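One file, input_12.cif, carrying mmCIF, C-alpha atoms:
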data_input
loop_
_atom_site.group_PDB
_atom_site.id
_atom_site.type_symbol
_atom_site.label_atom_id
_atom_site.label_comp_id
_atom_site.auth_asym_id
_atom_site.auth_seq_id
_atom_site.Cartn_x
_atom_site.Cartn_y
_atom_site.Cartn_z
ATOM 1 C CA MET A 16 -77.301 6.204 414.628
ATOM 2 C CA GLY A 17 -75.493 8.202 411.972
ATOM 3 C CA ALA A 18 -76.769 11.250 410.151
ATOM 4 C CA LEU A 19 -76.492 12.877 406.753
ATOM 5 C CA TRP A 20 -76.250 16.643 406.318
ATOM 6 C CA ILE A 21 -77.849 17.354 402.924
ATOM 7 C CA SER A 22 -77.622 20.746 401.263
ATOM 8 C CA HIS A 23 -79.103 21.904 397.950
ATOM 9 C CA VAL A 24 -77.646 25.213 396.743
ATOM 10 C CA THR A 25 -77.921 27.807 394.007
ATOM 11 C CA VAL A 26 -74.930 30.157 394.246
ATOM 12 C CA THR A 27 -75.788 33.777 393.418
ATOM 13 C CA ASP A 28 -72.459 35.407 394.410
ATOM 14 C CA PRO A 29 -69.531 33.067 393.657
ATOM 15 C CA GLU A 30 -66.905 35.253 395.369
ATOM 16 C CA ALA A 31 -68.752 35.460 398.691
ATOM 17 C CA TYR A 32 -69.796 31.809 398.486
ATOM 18 C CA GLY A 33 -66.160 30.858 397.955
ATOM 19 C CA LYS A 34 -65.395 32.409 401.364
ATOM 20 C CA TYR A 35 -68.182 30.276 402.850
ATOM 21 C CA ALA A 36 -66.797 27.098 401.269
ATOM 22 C CA ALA A 37 -63.259 27.821 402.471
ATOM 23 C CA LEU A 38 -64.474 28.089 406.080
ATOM 24 C CA ALA A 39 -67.295 25.524 406.040
ATOM 25 C CA GLY A 40 -65.167 22.528 405.067
ATOM 26 C CA PRO A 41 -62.786 22.837 408.040
ATOM 27 C CA ALA A 42 -65.704 23.581 410.408
ATOM 28 C CA ILE A 43 -67.539 20.452 409.290
ATOM 29 C CA ALA A 44 -64.374 18.330 409.590
ATOM 30 C CA LYS A 45 -63.653 19.744 413.071
ATOM 31 C CA HIS A 46 -67.064 18.478 414.196
ATOM 32 C CA GLY A 47 -66.570 14.984 412.778
ATOM 33 C CA GLY A 48 -68.281 15.501 409.428
ATOM 34 C CA GLU A 49 -67.009 13.717 406.334
ATOM 35 C CA PHE A 50 -68.046 14.788 402.828
ATOM 36 C CA ILE A 51 -69.431 11.950 400.730
ATOM 37 C CA ALA A 52 -70.780 14.106 397.866
ATOM 38 C CA ARG A 53 -69.774 17.654 397.041
ATOM 39 C CA GLY A 54 -71.026 19.303 393.875
ATOM 40 C CA GLY A 55 -70.943 16.150 391.748
ATOM 41 C CA ARG A 56 -73.151 15.018 388.918
ATOM 42 C CA PHE A 57 -76.835 14.536 389.765
ATOM 43 C CA VAL A 58 -80.198 13.783 388.188
ATOM 44 C CA GLN A 59 -83.149 15.820 389.495
ATOM 45 C CA LEU A 60 -86.219 13.587 389.482
ATOM 46 C CA GLU A 61 -88.670 15.731 391.478
ATOM 47 C CA GLY A 62 -88.831 19.134 393.122
ATOM 48 C CA LYS A 63 -86.789 22.279 392.641
ATOM 49 C CA GLU A 64 -83.422 21.723 391.017
ATOM 50 C CA ARG A 65 -80.360 23.302 392.620
ATOM 51 C CA PRO A 66 -77.067 23.055 390.708
ATOM 52 C CA ARG A 67 -74.926 22.300 393.794
ATOM 53 C CA ASN A 68 -75.660 19.422 396.146
ATOM 54 C CA VAL A 69 -73.558 18.471 399.160
ATOM 55 C CA VAL A 70 -73.828 15.491 401.500
ATOM 56 C CA ALA A 71 -71.732 15.028 404.646
ATOM 57 C CA ARG A 72 -71.852 12.106 407.081
ATOM 58 C CA PHE A 73 -71.847 12.632 410.856
ATOM 59 C CA ALA A 74 -71.924 10.163 413.746
ATOM 60 C CA SER A 75 -75.325 11.445 414.929
ATOM 61 C CA VAL A 76 -78.045 14.014 414.317
ATOM 62 C CA GLU A 77 -76.913 15.802 417.467
ATOM 63 C CA GLN A 78 -73.340 16.055 416.197
ATOM 64 C CA ALA A 79 -74.504 17.492 412.846
ATOM 65 C CA VAL A 80 -76.764 20.047 414.553
ATOM 66 C CA ALA A 81 -73.965 20.999 416.968
ATOM 67 C CA CYS A 82 -71.716 21.600 413.963
ATOM 68 C CA TYR A 83 -74.335 23.850 412.358
ATOM 69 C CA ASN A 84 -74.686 25.860 415.579
ATOM 70 C CA SER A 85 -70.932 26.091 416.205
ATOM 71 C CA PRO A 86 -69.169 29.461 416.037
ATOM 72 C CA GLU A 87 -66.934 28.142 413.229
ATOM 73 C CA TYR A 88 -69.811 27.122 411.002
ATOM 74 C CA GLN A 89 -71.860 30.224 411.809
ATOM 75 C CA GLU A 90 -68.894 32.354 410.726
ATOM 76 C CA ALA A 91 -68.782 30.439 407.437
ATOM 77 C CA LEU A 92 -72.547 30.732 407.044
ATOM 78 C CA SER A 93 -72.364 34.518 407.314
ATOM 79 C CA HIS A 94 -70.710 34.468 403.858
ATOM 80 C CA ALA A 95 -73.358 32.182 402.323
ATOM 81 C CA ARG A 96 -76.300 34.333 403.389
ATOM 82 C CA GLY A 97 -77.054 36.703 400.540
ATOM 83 C CA ALA A 98 -74.686 34.739 398.281
ATOM 84 C CA SER A 99 -76.888 31.689 397.778
ATOM 85 C CA GLU A 100 -80.344 30.182 397.900
ATOM 86 C CA ARG A 101 -80.217 26.936 399.825
ATOM 87 C CA GLU A 102 -81.976 24.242 401.723
ATOM 88 C CA LEU A 103 -80.182 22.273 404.425
ATOM 89 C CA MET A 104 -81.433 19.298 406.396
ATOM 90 C CA VAL A 105 -80.063 16.618 408.675
ATOM 91 C CA VAL A 106 -81.452 13.111 408.199
ATOM 92 C CA GLU A 107 -80.848 10.219 410.596
ATOM 93 C CA THR A 108 -79.526 7.068 408.912
ATOM 94 C CA ASN A 109 -80.393 3.459 409.733
ATOM 95 C CA ASP A 110 -76.851 2.312 410.511
#
Can I see the file as structure tokens?
Amino acid sequence: MGALWISHVTVTDPEAYGKYAALAGPAIAKHGGEFIARGGRFVQLEGKERPRNVVARFASVEQAVACYNSPEYQEALSHARGASERELMVVETND
């Protein structure tokens, strides 16, 4: 079964977060992730609104979690910590 990596973000330091984004995209691609939504238009219907929302598709939950735990993504993440408020989850799809 596939998986979606869903991130909701408020950027508090655009310069540092830009370093995260520059490294995170290649790390996600290296681990088989494909972006299907990245900062596009959205309508918040419930819960806390975050101005940046990102969705990437992976082949499995395990693959998405392995990407998150990879040295490449952890290096990217070091730039996002302190530069953003975010929630990130992996959700299994029905395909």
- Message: I'd like to know which of A:Pro29, A:Pro66, A:Pro86, A:Gly97 is closest to His46 (chain A), using only C-alpha atoms.
- Response: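 For His46 (chain A), the nearest of the candidates is A:Pro86.
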- Message: Using only C-alpha atoms, list the residues that have an atom at most 12 Å from (-86.4, 13.5, 402.7), coordinates as in the file, as a ChimeraX atom specification.
- Response: /A:19-22,61-62,102-108
- Task: To one decimal in Å, tell me the separation between CA of Gly48 (chain A) and CA of Ala79 (chain A).
- Result: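 Separation of CA of Gly48 (chain A) and CA of Ala79 (chain A): 7.4 Å.
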- Note on the structure: What separates CA of Arg96 (chain A) and CA of Arg56 (chain A) is a distance of 24.3 Å
- Find the residues around Ala98 (chain A) up to 8 Å (all atoms listed in the file counted), leave out those fewer than 5 positions away in its own chain, and share them as a list in words.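 That gives Val26, Thr27, Asp28, Pro29, Ala31 and Tyr32 of chain A.
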- Task: Considering all atoms listed in the file, return as a ChimeraX atom specification whatever protein or nucleic-acid residues lie within 8 Å of Tyr88 (chain A), sequence-local ones (same chain, fewer than 2 positions apart) excluded.
- Result: /A:38-39,42-43,82-86,90-92
- Query: If you apply the PyMOL selection byres ((chain A and resi 54) around 6) to this file, what residues do you get, as a VMD selection string?
  - Reply: chain A and resid 53 55 67 to 69
How would the residues just picked look written out with C-alpha atoms as a CSV table (one decimal), in the frame of the given file?
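Now in out_8.csv:
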chain,number,residue,atom,x,y,z
A,53,ARG,CA,-69.8,17.7,397.0
A,55,GLY,CA,-70.9,16.2,391.7
A,67,ARG,CA,-74.9,22.3,393.8
A,68,ASN,CA,-75.7,19.4,396.1
A,69,VAL,CA,-73.6,18.5,399.2
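CA of Glu100 (chain A) is found 13.1 Å from CA of Tyr35 (chain A).
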- Message: When you count all atoms listed in the file, which of these residues is closest to Ala95 (chain A): A:Ala37, A:Ser75, A:Val70, A:Phe50?
- Response: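 Using all atoms listed in the file, Ala95 (chain A) sits closest to A:Ala37.
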